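Data from data_2.txt: compact mmCIF, C-alpha atoms and all ligand atoms
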```txt
# COMPACT_ATOMS: atom_id res chain seq x y z
CA MET A 1 39.72 -35.68 23.83
CA PRO A 2 40.52 -38.50 21.36
CA MET A 3 39.09 -38.03 17.86
CA ALA A 4 36.76 -40.63 16.40
CA ALA A 5 37.58 -42.38 13.11
CA ALA A 6 37.89 -40.02 10.18
CA SER A 7 34.50 -38.59 9.25
CA THR A 8 32.97 -37.03 6.17
CA THR A 9 30.65 -34.03 6.26
CA VAL A 10 28.83 -33.24 3.02
CA ILE A 11 27.60 -29.67 2.64
CA LEU A 12 25.23 -28.92 -0.23
CA GLY A 13 25.48 -25.43 -1.71
CA ALA A 14 28.39 -22.96 -1.48
CA GLY A 15 26.49 -19.76 -0.83
CA PHE A 16 26.53 -17.75 2.38
CA GLY A 17 25.64 -20.62 4.69
CA GLY A 18 27.56 -23.42 2.98
CA ILE A 19 30.81 -21.46 2.74
CA VAL A 20 30.72 -20.38 6.40
CA CYS A 21 29.83 -23.88 7.57
CA ALA A 22 32.64 -25.47 5.53
CA ASN A 23 35.22 -22.97 6.82
CA ALA A 24 34.12 -23.28 10.45
CA LEU A 25 34.20 -27.06 10.30
CA ARG A 26 37.53 -27.14 8.50
CA LYS A 27 39.04 -25.01 11.28
CA ALA A 28 37.51 -27.19 13.99
CA LEU A 29 38.59 -30.60 12.66
CA PRO A 30 41.96 -32.23 11.82
CA ALA A 31 42.73 -32.73 8.13
CA ASP A 32 41.78 -36.43 8.02
CA HIS A 33 38.14 -35.45 8.59
CA LYS A 34 36.71 -34.56 5.17
CA VAL A 35 34.65 -31.46 4.51
CA VAL A 36 33.01 -31.88 1.10
CA LEU A 37 31.26 -28.82 -0.33
CA ILE A 38 29.12 -29.42 -3.44
CA GLU A 39 28.19 -26.42 -5.56
CA LYS A 40 26.93 -26.09 -9.14
CA GLY A 41 28.42 -22.63 -9.69
CA ALA A 42 32.05 -21.53 -9.73
CA THR A 43 31.72 -18.18 -7.97
CA PHE A 44 30.14 -16.43 -4.99
CA ASN A 45 28.49 -13.03 -5.03
CA PHE A 46 26.77 -10.91 -2.42
CA GLY A 47 23.06 -10.27 -2.91
CA ALA A 48 23.79 -6.92 -1.35
CA ALA A 49 26.04 -5.98 -4.30
CA LYS A 50 23.52 -6.86 -7.03
CA THR A 51 21.75 -3.52 -6.62
CA TRP A 52 25.08 -1.82 -7.40
CA VAL A 53 25.25 -3.78 -10.66
CA ALA A 54 21.64 -2.90 -11.52
CA ILE A 55 22.15 0.83 -11.11
CA GLY A 56 25.42 0.77 -13.06
CA GLU A 57 27.89 1.37 -10.22
CA LYS A 58 29.52 -2.04 -10.69
CA THR A 59 29.63 -4.78 -13.29
CA ALA A 60 28.90 -8.44 -12.61
CA SER A 61 32.61 -9.29 -12.83
CA ASP A 62 33.39 -6.69 -10.13
CA ILE A 63 31.27 -8.51 -7.58
CA VAL A 64 31.98 -12.21 -8.15
CA THR A 65 34.62 -14.12 -6.20
CA PRO A 66 35.86 -17.55 -7.39
CA LEU A 67 35.20 -20.43 -5.00
CA GLU A 68 38.39 -22.21 -6.05
CA SER A 69 40.35 -20.70 -3.12
CA LEU A 70 38.32 -22.89 -0.74
CA LYS A 71 40.45 -25.82 -1.89
CA ARG A 72 43.57 -24.13 -0.48
CA ARG A 73 41.80 -24.08 2.87
CA GLY A 74 41.49 -27.88 2.82
CA ILE A 75 37.85 -27.97 1.78
CA ASP A 76 36.96 -30.59 -0.87
CA LEU A 77 35.09 -28.33 -3.27
CA VAL A 78 33.11 -30.33 -5.84
CA THR A 79 31.73 -28.38 -8.79
CA ALA A 80 28.60 -30.34 -9.59
CA GLU A 81 24.84 -30.08 -9.53
CA VAL A 82 22.99 -32.07 -6.88
CA LYS A 83 20.39 -34.13 -8.75
CA SER A 84 18.81 -36.02 -5.87
CA ILE A 85 19.03 -36.18 -2.09
CA ASP A 86 18.50 -39.26 0.07
CA PRO A 87 18.12 -37.65 3.49
CA LYS A 88 17.99 -40.95 5.38
CA ALA A 89 21.28 -42.18 3.93
CA ARG A 90 22.73 -38.61 3.90
CA ALA A 91 23.69 -39.31 0.29
CA VAL A 92 23.34 -37.32 -2.92
CA GLU A 93 23.56 -38.09 -6.62
CA THR A 94 25.31 -35.32 -8.50
CA THR A 95 26.56 -34.62 -12.01
CA SER A 96 29.96 -35.78 -10.66
CA GLY A 97 28.74 -38.98 -9.01
CA ARG A 98 27.47 -40.05 -5.60
CA PHE A 99 28.56 -38.57 -2.29
CA LYS A 100 27.68 -39.82 1.17
CA GLY A 101 28.35 -38.20 4.50
CA ASP A 102 28.35 -39.14 8.16
CA TYR A 103 26.93 -35.64 8.55
CA MET A 104 25.05 -33.58 6.00
CA VAL A 105 24.13 -29.89 5.82
CA ILE A 106 21.66 -28.64 3.21
CA ALA A 107 22.42 -25.03 2.27
CA LEU A 108 20.94 -24.88 -1.22
CA GLY A 109 19.27 -21.48 -0.83
CA ALA A 110 16.12 -20.37 -2.63
CA ASP A 111 15.52 -20.65 -6.38
CA THR A 112 13.95 -17.72 -8.16
CA THR A 113 11.39 -18.14 -10.91
CA MET A 114 9.61 -15.42 -12.86
CA ALA A 115 7.77 -18.27 -14.62
CA ALA A 116 5.61 -18.72 -11.52
CA ILE A 117 3.38 -15.85 -12.69
CA PRO A 118 1.95 -15.78 -16.24
CA GLY A 119 3.46 -13.00 -18.33
CA LEU A 120 5.97 -11.85 -15.72
CA ALA A 121 9.07 -13.38 -17.34
CA ASP A 122 8.23 -11.76 -20.70
CA VAL A 123 8.52 -8.22 -19.47
CA ALA A 124 9.90 -7.88 -15.95
CA HIS A 125 13.46 -6.92 -15.07
CA SER A 126 15.08 -8.08 -11.86
CA PHE A 127 17.98 -7.29 -9.56
CA TYR A 128 17.48 -10.44 -7.49
CA THR A 129 19.72 -12.53 -9.77
CA LEU A 130 23.11 -11.54 -11.11
CA ASP A 131 22.06 -12.07 -14.74
CA GLY A 132 18.93 -10.04 -14.10
CA ALA A 133 20.93 -7.22 -12.50
CA SER A 134 23.32 -7.19 -15.48
CA ARG A 135 20.43 -6.97 -17.95
CA LEU A 136 18.80 -4.23 -15.88
CA ARG A 137 22.10 -2.34 -15.95
CA GLU A 138 21.85 -2.32 -19.77
CA ALA A 139 18.14 -1.48 -19.88
CA LEU A 140 17.89 1.33 -17.33
CA PRO A 141 19.86 3.92 -19.34
CA LYS A 142 17.32 3.46 -22.18
CA PHE A 143 14.41 4.36 -19.88
CA THR A 144 13.69 8.03 -20.46
CA GLY A 145 10.68 8.45 -18.19
CA GLY A 146 7.18 7.19 -17.37
CA LYS A 147 5.75 4.74 -14.85
CA LEU A 148 8.37 2.53 -13.23
CA VAL A 149 6.83 -0.13 -10.99
CA LEU A 150 8.89 -2.16 -8.55
CA LEU A 151 6.73 -5.22 -7.95
CA ILE A 152 6.89 -7.67 -5.04
CA PRO A 153 4.47 -10.34 -6.28
CA ARG A 154 5.11 -13.09 -3.70
CA ALA A 155 6.52 -13.57 -0.20
CA PRO A 156 8.74 -14.76 1.34
CA PHE A 157 11.72 -13.34 -0.51
CA LYS A 158 15.39 -12.89 0.41
CA CYS A 159 16.39 -9.78 2.28
CA PRO A 160 13.05 -8.15 3.16
CA PRO A 161 14.50 -4.61 2.88
CA GLY A 162 16.06 -5.43 -0.56
CA PRO A 163 13.25 -4.12 -2.81
CA TYR A 164 12.89 -0.94 -0.73
CA GLU A 165 16.63 -0.35 -0.96
CA GLY A 166 16.24 -0.85 -4.72
CA ALA A 167 13.53 1.84 -4.83
CA PHE A 168 15.68 4.31 -2.85
CA LEU A 169 18.65 3.70 -5.16
CA LEU A 170 16.52 4.13 -8.29
CA HIS A 171 15.18 7.42 -6.92
CA ASP A 172 18.77 8.50 -6.31
CA LEU A 173 19.87 7.40 -9.79
CA PHE A 174 17.07 9.32 -11.55
CA LYS A 175 17.80 12.39 -9.41
CA ARG A 176 21.46 12.31 -10.41
CA LYS A 177 20.42 11.96 -14.05
CA GLU A 178 18.10 14.95 -13.57
CA MET A 179 15.08 12.95 -14.71
CA ARG A 180 13.35 12.20 -11.41
CA ASP A 181 10.45 14.53 -12.31
CA ARG A 182 9.83 12.44 -15.43
CA VAL A 183 9.54 9.16 -13.50
CA GLU A 184 6.44 8.01 -11.62
CA LEU A 185 8.09 5.62 -9.19
CA SER A 186 6.03 3.11 -7.21
CA VAL A 187 6.43 -0.02 -5.13
CA VAL A 188 3.54 -2.49 -5.36
CA THR A 189 3.66 -5.39 -2.93
CA VAL A 190 1.82 -8.46 -1.72
CA GLU A 191 2.96 -7.51 1.80
CA GLY A 192 0.78 -5.64 4.28
CA ARG A 193 3.69 -3.37 5.16
CA PRO A 194 7.47 -3.37 4.67
CA MET A 195 9.56 -5.82 6.69
CA ALA A 196 6.64 -7.04 8.81
CA THR A 197 8.87 -9.38 10.86
CA ALA A 198 10.98 -6.43 12.00
CA GLY A 199 7.96 -4.69 13.52
CA PRO A 200 5.81 -1.63 12.96
CA GLU A 201 8.46 0.96 13.82
CA ILE A 202 10.77 -0.26 11.03
CA GLY A 203 7.83 -0.51 8.63
CA ASP A 204 6.82 3.08 9.47
CA PHE A 205 10.40 4.21 8.91
CA VAL A 206 10.56 2.59 5.45
CA MET A 207 7.15 4.04 4.47
CA GLN A 208 8.24 7.48 5.66
CA GLU A 209 11.41 7.20 3.53
CA LEU A 210 9.29 6.19 0.52
CA ARG A 211 6.96 9.17 1.07
CA ALA A 212 9.90 11.55 1.47
CA ARG A 213 11.05 10.52 -2.02
CA ASN A 214 7.57 10.69 -3.55
CA ILE A 215 7.57 6.93 -4.18
CA ALA A 216 3.98 5.63 -4.26
CA TYR A 217 3.32 2.52 -2.16
CA LEU A 218 0.55 -0.03 -2.73
CA THR A 219 0.16 -2.97 -0.34
CA GLN A 220 -1.72 -6.30 -0.23
CA LYS A 221 -1.62 -6.69 -4.00
CA LYS A 222 -1.17 -10.34 -4.91
CA THR A 223 -0.18 -10.53 -8.57
CA VAL A 224 -2.05 -13.12 -10.64
CA SER A 225 -0.70 -12.23 -14.08
CA VAL A 226 1.01 -9.62 -16.19
CA SER A 227 -0.09 -8.57 -19.71
CA PRO A 228 3.14 -7.72 -21.52
CA ALA A 229 1.44 -6.14 -24.55
CA GLU A 230 -0.87 -3.93 -22.50
CA LYS A 231 1.83 -3.34 -19.85
CA LYS A 232 -0.59 -4.13 -17.05
CA ILE A 233 -0.21 -6.05 -13.79
CA HIS A 234 -3.37 -7.88 -12.65
CA PHE A 235 -4.07 -8.56 -8.99
CA GLU A 236 -6.16 -11.11 -7.11
CA ASP A 237 -8.59 -8.40 -5.94
CA GLY A 238 -9.51 -7.62 -9.57
CA SER A 239 -7.55 -4.36 -9.75
CA SER A 240 -4.63 -3.65 -12.09
CA VAL A 241 -1.68 -1.30 -12.37
CA ASP A 242 -0.10 0.09 -15.56
CA PHE A 243 3.62 0.36 -16.10
CA ASP A 244 6.11 1.55 -18.69
CA PHE A 245 9.06 -0.23 -17.04
CA LEU A 246 8.65 -3.16 -14.67
CA ILE A 247 11.14 -4.49 -12.14
CA ALA A 248 10.00 -7.47 -10.07
CA VAL A 249 11.33 -9.48 -7.18
CA ASP A 250 11.40 -12.96 -8.72
CA PRO A 251 9.07 -15.34 -6.85
CA HIS A 252 11.12 -17.66 -4.61
CA VAL A 253 10.80 -21.45 -4.30
CA ALA A 254 12.86 -24.17 -2.64
CA PRO A 255 15.20 -25.85 -5.17
CA LYS A 256 13.39 -28.69 -7.00
CA VAL A 257 15.90 -31.25 -5.73
CA VAL A 258 14.76 -30.36 -2.20
CA THR A 259 11.03 -30.69 -2.88
CA ASP A 260 11.69 -33.91 -4.83
CA SER A 261 13.42 -35.33 -1.74
CA GLY A 262 10.26 -34.76 0.30
CA LEU A 263 12.13 -32.55 2.78
CA ALA A 264 10.02 -29.55 1.75
CA GLN A 265 6.43 -29.58 0.58
CA PRO A 266 5.82 -27.97 -2.85
CA GLY A 267 5.61 -24.24 -2.23
CA GLY A 268 7.34 -24.65 1.13
CA TRP A 269 10.75 -24.86 2.77
CA ILE A 270 12.57 -27.35 5.01
CA PRO A 271 11.20 -27.04 8.55
CA VAL A 272 14.04 -27.05 11.09
CA ASP A 273 14.51 -26.76 14.81
CA ALA A 274 14.87 -23.05 15.56
CA LYS A 275 17.90 -23.49 17.86
CA THR A 276 19.79 -26.43 16.37
CA LEU A 277 18.71 -26.23 12.68
CA ALA A 278 18.32 -30.03 12.76
CA VAL A 279 15.83 -31.60 10.36
CA ALA A 280 13.36 -33.63 12.45
CA GLY A 281 13.14 -37.35 11.73
CA PHE A 282 16.68 -37.74 10.38
CA ASP A 283 20.03 -38.32 12.07
CA ASN A 284 22.91 -35.91 11.58
CA LEU A 285 21.03 -33.82 9.03
CA TRP A 286 20.70 -30.05 9.16
CA ALA A 287 19.29 -27.36 6.86
CA ILE A 288 20.41 -23.74 7.04
CA GLY A 289 19.78 -20.42 5.33
CA ASP A 290 17.14 -19.62 2.75
CA VAL A 291 16.19 -23.24 2.08
CA ALA A 292 15.05 -23.67 5.70
CA THR A 293 12.12 -22.17 7.54
CA VAL A 294 12.51 -21.19 11.18
CA PRO A 295 9.30 -20.46 13.10
CA LEU A 296 9.47 -17.50 15.49
CA PRO A 297 7.99 -17.77 18.99
CA GLY A 298 6.61 -14.22 19.05
CA ARG A 299 4.23 -12.28 16.85
CA PHE A 300 2.89 -8.75 16.48
CA LYS A 301 -0.69 -9.84 15.72
CA PRO A 302 -2.28 -12.92 17.30
CA ASP A 303 -3.41 -14.27 13.92
CA ALA A 304 -0.14 -13.63 12.06
CA PRO A 305 2.60 -16.19 12.86
CA LEU A 306 6.10 -15.19 11.80
CA VAL A 307 9.14 -16.94 10.37
CA LEU A 308 12.77 -15.85 10.37
CA PRO A 309 13.63 -13.52 7.45
CA LYS A 310 15.74 -15.02 4.67
CA ALA A 311 19.12 -13.28 4.86
CA GLY A 312 22.79 -14.04 4.44
CA VAL A 313 23.61 -12.99 8.00
CA MET A 314 21.11 -15.55 9.28
CA ALA A 315 22.56 -18.30 7.06
CA ASP A 316 26.01 -17.32 8.38
CA ALA A 317 25.00 -17.45 12.06
CA GLU A 318 23.16 -20.75 11.60
CA ALA A 319 26.15 -22.26 9.77
CA ARG A 320 28.46 -21.55 12.72
CA VAL A 321 26.04 -23.22 15.14
CA VAL A 322 25.72 -26.33 12.95
CA ALA A 323 29.52 -26.55 12.48
CA LYS A 324 29.95 -26.58 16.28
CA GLN A 325 27.39 -29.35 16.64
CA ILE A 326 29.06 -31.48 13.97
CA ALA A 327 32.56 -30.90 15.38
CA ALA A 328 31.34 -31.96 18.84
CA ARG A 329 29.72 -35.13 17.48
CA VAL A 330 32.88 -36.01 15.57
CA GLN A 331 34.77 -35.69 18.86
CA GLY A 332 32.23 -37.92 20.58
CA THR A 333 30.79 -35.11 22.69
CA THR A 334 27.74 -32.87 22.43
CA SER A 335 27.51 -29.15 21.89
CA ASP A 336 25.08 -26.73 23.45
CA ALA A 337 25.65 -24.26 20.58
CA ALA A 338 22.26 -22.76 19.72
CA PHE A 339 21.13 -20.21 17.17
CA ASP A 340 20.03 -17.07 19.00
CA GLY A 341 17.87 -15.56 16.24
CA LYS A 342 19.98 -12.41 16.12
CA GLY A 343 21.05 -10.65 12.95
CA PHE A 344 21.46 -7.29 11.30
CA CYS A 345 20.93 -5.67 7.94
CA PHE A 346 21.94 -2.53 6.14
CA ILE A 347 19.46 -0.58 4.03
CA GLU A 348 21.04 1.84 1.61
CA THR A 349 18.94 4.96 1.37
CA GLY A 350 20.87 6.56 -1.51
CA ASP A 351 23.50 9.28 -1.73
CA MET A 352 26.02 6.89 -0.08
CA HIS A 353 23.91 6.71 3.08
CA ALA A 354 22.72 3.56 4.82
CA VAL A 355 20.95 2.54 7.99
CA LYS A 356 21.79 -0.55 10.02
CA GLY A 357 19.00 -2.48 11.69
CA GLU A 358 19.85 -4.95 14.46
CA GLY A 359 17.24 -7.60 15.09
CA SER A 360 16.55 -10.12 17.81
CA PHE A 361 13.95 -12.41 16.30
CA PHE A 362 13.38 -14.93 19.09
CA GLU A 363 12.18 -12.28 21.57
CA LEU A 364 8.75 -12.41 23.19
CA PRO A 365 6.10 -11.15 22.82
CA HIS A 366 7.52 -10.24 19.39
CA PRO A 367 10.82 -9.73 17.55
CA ILE A 368 12.72 -6.53 18.25
CA MET A 369 14.65 -4.50 15.69
CA GLN A 370 16.54 -1.33 16.46
CA ARG A 371 17.94 1.10 13.97
CA ARG A 372 20.05 4.20 13.80
CA VAL A 373 19.56 7.29 11.62
CA PRO A 374 20.86 6.81 8.04
CA ASP A 375 24.33 8.26 7.48
CA MET A 376 27.50 7.79 5.45
CA MET A 377 29.28 5.93 8.23
CA GLN A 378 26.77 3.09 8.07
CA TYR A 379 27.24 2.92 4.29
CA GLU A 380 30.98 2.48 4.94
CA GLU A 381 30.14 -0.07 7.64
CA LYS A 382 28.14 -2.09 5.09
CA LYS A 383 31.10 -2.16 2.70
CA LYS A 384 33.43 -3.17 5.53
CA TRP A 385 31.09 -5.99 6.54
CA MET A 386 31.22 -7.37 2.99
CA TYR A 387 34.99 -6.96 2.72
CA ASP A 388 35.61 -8.61 6.11
CA TRP A 389 33.29 -11.51 5.25
CA LEU A 390 35.15 -12.21 2.01
CA ARG A 391 38.51 -12.04 3.77
CA GLU A 392 37.40 -14.41 6.52
CA ASN A 393 35.68 -16.89 4.22
CA LEU A 394 36.96 -16.78 0.68
CA VAL A 395 40.02 -14.76 -0.29
C1 LIG B 401 19.24 -7.99 -3.95
C2 LIG B 401 19.60 -8.75 -2.72
C3 LIG B 401 20.13 -8.09 -1.62
C4 LIG B 401 20.47 -8.78 -0.46
N1 LIG B 401 21.02 -8.10 0.59
C5 LIG B 401 21.36 -8.77 1.71
C6 LIG B 401 21.96 -8.09 2.80
O1 LIG B 401 22.22 -6.89 2.75
N2 LIG B 401 22.26 -8.81 3.91
C7 LIG B 401 22.00 -10.15 4.00
O2 LIG B 401 22.30 -10.74 5.03
N3 LIG B 401 21.42 -10.82 2.98
C8 LIG B 401 21.10 -10.18 1.85
N4 LIG B 401 20.53 -10.85 0.79
C9 LIG B 401 20.09 -12.24 0.99
C10 LIG B 401 21.21 -13.25 0.88
O3 LIG B 401 21.87 -13.12 -0.36
C11 LIG B 401 20.64 -14.65 1.02
O4 LIG B 401 19.74 -14.70 2.08
C12 LIG B 401 21.79 -15.63 1.26
O5 LIG B 401 22.57 -15.73 0.11
C13 LIG B 401 21.26 -16.99 1.69
O6 LIG B 401 22.34 -17.86 1.87
P1 LIG B 401 22.17 -19.42 1.60
O7 LIG B 401 23.48 -20.04 1.90
O8 LIG B 401 20.97 -19.94 2.28
O9 LIG B 401 21.83 -19.52 0.05
P2 LIG B 401 22.68 -19.00 -1.19
O10 LIG B 401 23.67 -17.99 -0.78
O11 LIG B 401 21.69 -18.65 -2.24
O12 LIG B 401 23.48 -20.30 -1.63
C14 LIG B 401 22.87 -21.44 -2.15
C15 LIG B 401 23.85 -22.11 -3.09
O13 LIG B 401 23.36 -23.39 -3.48
C16 LIG B 401 23.67 -23.59 -4.84
N5 LIG B 401 22.75 -24.59 -5.39
C17 LIG B 401 21.41 -24.50 -5.49
N6 LIG B 401 20.91 -25.62 -6.02
C18 LIG B 401 21.97 -26.46 -6.27
C19 LIG B 401 22.08 -27.77 -6.77
N7 LIG B 401 21.02 -28.50 -7.17
N8 LIG B 401 23.31 -28.31 -6.86
C20 LIG B 401 24.41 -27.61 -6.47
N9 LIG B 401 24.36 -26.37 -5.97
C21 LIG B 401 23.15 -25.79 -5.86
C22 LIG B 401 23.51 -22.23 -5.47
O14 LIG B 401 24.22 -22.13 -6.68
C23 LIG B 401 24.06 -21.31 -4.38
O15 LIG B 401 25.42 -21.03 -4.56
C24 LIG B 401 20.24 -10.19 -0.39
C25 LIG B 401 19.73 -10.86 -1.50
C26 LIG B 401 19.43 -10.16 -2.65
C27 LIG B 401 18.92 -10.92 -3.84
```

Output the file's structure in the form of C-alpha cells.
Amino acid sequence: MPMAAASTTVILGAGFGGIVCANALRKALPADHKVVLIEKGATFNFGAAKTWVAIGEKTASDIVTPLESLKRRGIDLVTAEVKSIDPKARAVETTSGRFKGDYMVIALGADTTMAAIPGLADVAHSFYTLDGASRLREALPKFTGGKLVLLIPRAPFKCPPGPYEGAFLLHDLFKRKEMRDRVELSVVTVEGRPMATAGPEIGDFVMQELRARNIAYLTQKKTVSVSPAEKKIHFEDGSSVDFDFLIAVDPHVAPKVVTDSGLAQPGGWIPVDAKTLAVAGFDNLWAIGDVATVPLPGRFKPDAPLVLPKAGVMADAEARVVAKQIAARVQGTTSDAAFDGKGFCFIETGDMHAVKGEGSFFELPHPIMQRRVPDMMQYEEKKKWMYDWLRENLV
C-alpha cells in the first residue's frame, strides 16, 4: 500500500494516553510522518504509585520517569504548555509557538483543584497529585491520633477505587505503627456507594473490606465548604463532620484550555464516540483518557446513566484504537479498530495484598466486573503491570 505524503499528527498531553498513542503511531508509520507530542511537564508518574509516596514507602523521585527518552524513539517531544486549541484547524498555540496537525489527539487529562470548594485548600491533604502526596508523606508521621477523614467531595474522579485503596493503606500504616486504636478512620463521599459503575457486587466487596477494618463509611455527602479553624466539613444536606486530619480527593475539572476551546462545557468533559473516540463535528480529531467522557450503553438503575471510569488503562486502550485509525487514514485506508470498553484495575488492600478487577463496561444490560480474592500474587501482578508498561512505553 503506497503511503500518502508525509503527515503530521499532533498529540496534546504526554500522560498515559498521549504516550501510548505516540508510541503506537510511531511504530505504525515510517519516519517521514511526524508524531509531535506536546507536554508541559518533563516527567511521567503512575497515579497508582502516588499512594506509596503518601504512606512513605517511596519518594516522589522514586516514581517519576523522564519523558526525554521518547525522543530516541523518533517522537518529536515538545516541552511546552498548550495555551489555546483551534479544533477546526487542528492547531494549537503553545509557550513554544504554534503547531498544526493533519491529525490531532487531545489527551490532556483532568486538572485537579481544591479551590473548587471554599476552605478545602487551606486544610486538606491529598494523594491525587504528586506534590500533594509528597506533602502528605511529611505530614502523616506528625499525626498522633484522632479523627482522620478521607473525603471524596465531587465525582467523577480518576481511578474510582483510588480513595478506598488509600483508606486500606492508611489502616495498614497505622496498624504497623501500633496506633490504629488511636485513629478514628472514616471515608465520607458524595457517591451513593463505592465504584458504582463496576456494579453492586464490587461495591459490596469494598464496603465489606471497610467494615472489616473498622473504617466508617458515609455516603451521599456533597461537600459545600470546609471550616479550617473549626475543622468541620459542611454538606449540602445541612449536616457536618469533624476532623483532626483531612485528606481529600481534589475535585476534578477539564483543563481550562479545553473548556476555553468550547470542546467541553464548563464543569464537563469532551464528549466522544464510544468506539472510535472521535470528537463529533470535527475532522481527524480525537479525545482520549480522562479529558473525554464516554457514555455507557447499560445501567444498573433506569434513572442512573453511566459513563466510563477515568483510568489509565482506559486511556491506554483508547490510545491504541486511535493510533490504528490515524495510521490507516495516513495510508489512505480505513480501520475498523474500535474501543471495546474493557479494562482492569488493582486495589491494594494492605499488607502487600491486592485484588484485580476486570471490567467490561459496554455490556448490556449493565457493565460487568469480576474480581478475585485479594492476595500477594495480585500485588506482585500490579507491580509487574507498571514495570511492563514503563518498559514498553518509556524506558
Ligand atoms: C491516586 C491515583 C491512583 C490511580 N491508580 C490507577 C490505577 O491503578 N490504574 C489505572 O488505570 N489508573 C489509575 N489512576 C488514574 C490514571 O492516573 C489516570 O486515569 C490517567 O493518568 C489518565 O491518563 P490521561 O492520558 O487521560 O491523562 P494524564 O495521564 O493525566 O495526562 C495528561 C497530561 O497532559 C498534560 N497537560 C495538561 N494540560 C496541559 C497543557 N495545557 N499543556 C501541556 N500539557 C498539558 C499533563 O501534564 C499530563 O501529563 C490513578 C490516579 C490516581 C490519582

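From CA of Leu285 in chain A back to CA of Phe16 in chain A, the distance works out to 18.2 Å.
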
For range 389-394 of chain A, work out the shell of residues within 7 Å, counting all atoms listed in the file and skipping chain neighbours fewer than 5 positions away, then give it as a PyMOL selection string. chain A and resi 19-20+23+67+69-70

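Our summary of the geometry notes that CA of Leu130 in chain A is positioned 12.0 Å from atom O5 of ligand LIG 401 (chain B).
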
- Task: Pull the neighbourhood of (19.4, -19.0, 15.0) for me: all residues within 7 Å in file coordinates, counting all atoms listed in the file, as a list in words.
- Result: Ala274, Lys275, Met314, Ala317, Glu318, Ala338, Phe339, Asp340, Gly341 and Lys342 of chain A

Given 6 Å on each side, where is the centre and what are the edge lengths in Å to one decimal of the axis-aligned box enclosing the listed atoms of range 140-147 of chain A, as AutoDock Vina command-line options?
```
--center_x 12.8 --center_y 4.9 --center_z -18.5 --size_x 26.1 --size_y 19.1 --size_z 19.3
```

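The two atoms in question, CA of Gly332 in chain A and CA of Leu29 in chain A, are spaced 12.5 Å apart.
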
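When only C-alpha atoms are used to measure the gap to Ala327 in chain A, the shortest distance among A:Ser96, A:Gly109, A:Asp62, A:Asp102 belongs to A:Asp102.
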
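Considering only C-alpha atoms and all ligand atoms, the residue among A:Arg182, A:Arg329, A:Lys382, A:Lys222 positioned nearest to ligand LIG 401 (chain B) is A:Lys382.
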
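For Gly203 in chain A, the set of protein, DNA and RNA residues having any atom at most 10 Å away, when counting all atoms listed in the file and skipping those fewer than 4 positions along the same chain, is Pro161, Gly192, Arg193, Pro194, Met195, Ala196, Thr197, Ala198, Gly199, Met207, Gln208 and Glu209 of chain A.
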
For the residues selected in the previous step, produce a file with C-alpha atoms as a short mmCIF file (atom, residue, chain, number, x, y, z; two decimals), in the coordinates of the input.
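Final file, out-v9.cif:
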```
data_model
loop_
_atom_site.label_atom_id
_atom_site.label_comp_id
_atom_site.auth_asym_id
_atom_site.auth_seq_id
_atom_site.Cartn_x
_atom_site.Cartn_y
_atom_site.Cartn_z
CA PRO A 161 14.50 -4.61 2.88
CA GLY A 192 0.78 -5.64 4.28
CA ARG A 193 3.69 -3.37 5.16
CA PRO A 194 7.47 -3.37 4.67
CA MET A 195 9.56 -5.82 6.69
CA ALA A 196 6.64 -7.04 8.81
CA THR A 197 8.87 -9.38 10.86
CA ALA A 198 10.98 -6.43 12.00
CA GLY A 199 7.96 -4.69 13.52
CA MET A 207 7.15 4.04 4.47
CA GLN A 208 8.24 7.48 5.66
CA GLU A 209 11.41 7.20 3.53
#
```

Just the residues within 8 Å of Gly18 in chain A, please, counting only C-alpha atoms, with nothing from its chain fewer than 6 positions along; format it as a VMD selection string. chain A and resid 11 to 12 37 105 to 108 319

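Nearest-residue note for ligand LIG 401 (chain B): choosing from A:Arg372, A:Arg72, A:Lys27, A:His252, the minimum distance belongs to A:His252, counting all atoms listed in the file.
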
Min atom-atom distance to ligand LIG 401 (chain B) from the set A:Glu381, A:Asp336, A:Asp375, A:Glu178, counting only C-alpha atoms and all ligand atoms, belongs to A:Glu381

Using only C-alpha atoms, find each residue in range 7-92 of chain A having at least one atom no more than 12 Å away from range 173-177 of chain A; report its shortest atom-to-atom pair and that distance in Å (one decimal), rows by chain then rising number, as JSON lines.
```
{"residue": "A:Thr51", "atom": "CA", "partner": "A:Leu173", "partner_atom": "CA", "distance": 11.5}
{"residue": "A:Trp52", "atom": "CA", "partner": "A:Leu173", "partner_atom": "CA", "distance": 10.9}
{"residue": "A:Ala54", "atom": "CA", "partner": "A:Leu173", "partner_atom": "CA", "distance": 10.6}
{"residue": "A:Ile55", "atom": "CA", "partner": "A:Leu173", "partner_atom": "CA", "distance": 7.1}
{"residue": "A:Gly56", "atom": "CA", "partner": "A:Leu173", "partner_atom": "CA", "distance": 9.2}
{"residue": "A:Glu57", "atom": "CA", "partner": "A:Leu173", "partner_atom": "CA", "distance": 10.0}
```

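Of the listed residues A:Val53, A:Met114, A:Met104, A:Leu148, the one whose atoms come nearest to Ala323 in chain A is A:Met104, with distances taken using only C-alpha atoms.
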
Distance query 9 Å from (28.8, -38.6, -0.6) using only C-alpha atoms, result as number ranges by chain: A: 8-10, 36, 90-93, 97-102

- Message: Report as an NGL selection string all protein, DNA and RNA residues lying within 8 Å of Lys158 in chain A, evaluated on all atoms listed in the file, omitting residues in the same chain fewer than 6 positions from it.
- Response: :A and (290 or 309-311)

Exercise. Considering only C-alpha atoms, return as a ChimeraX atom specification whatever protein or nucleic-acid residues lie within 6 Å of range 292-305 of chain A, sequence-local ones (same chain, fewer than 5 positions apart) excluded.
Key: /A:269-271,274,287,362,364-366

Output C-alpha atoms for every residue in that selection, as a PDB file, in the frame of the given file.
```pdb
ATOM      1  CA  TRP A 269      10.750 -24.860   2.770  1.00  0.00           C
ATOM      2  CA  ILE A 270      12.570 -27.350   5.010  1.00  0.00           C
ATOM      3  CA  PRO A 271      11.200 -27.040   8.550  1.00  0.00           C
ATOM      4  CA  ALA A 274      14.870 -23.050  15.560  1.00  0.00           C
ATOM      5  CA  ALA A 287      19.290 -27.360   6.860  1.00  0.00           C
ATOM      6  CA  PHE A 362      13.380 -14.930  19.090  1.00  0.00           C
ATOM      7  CA  LEU A 364       8.750 -12.410  23.190  1.00  0.00           C
ATOM      8  CA  PRO A 365       6.100 -11.150  22.820  1.00  0.00           C
ATOM      9  CA  HIS A 366       7.520 -10.240  19.390  1.00  0.00           C
TER      10      HIS A 366
END
```
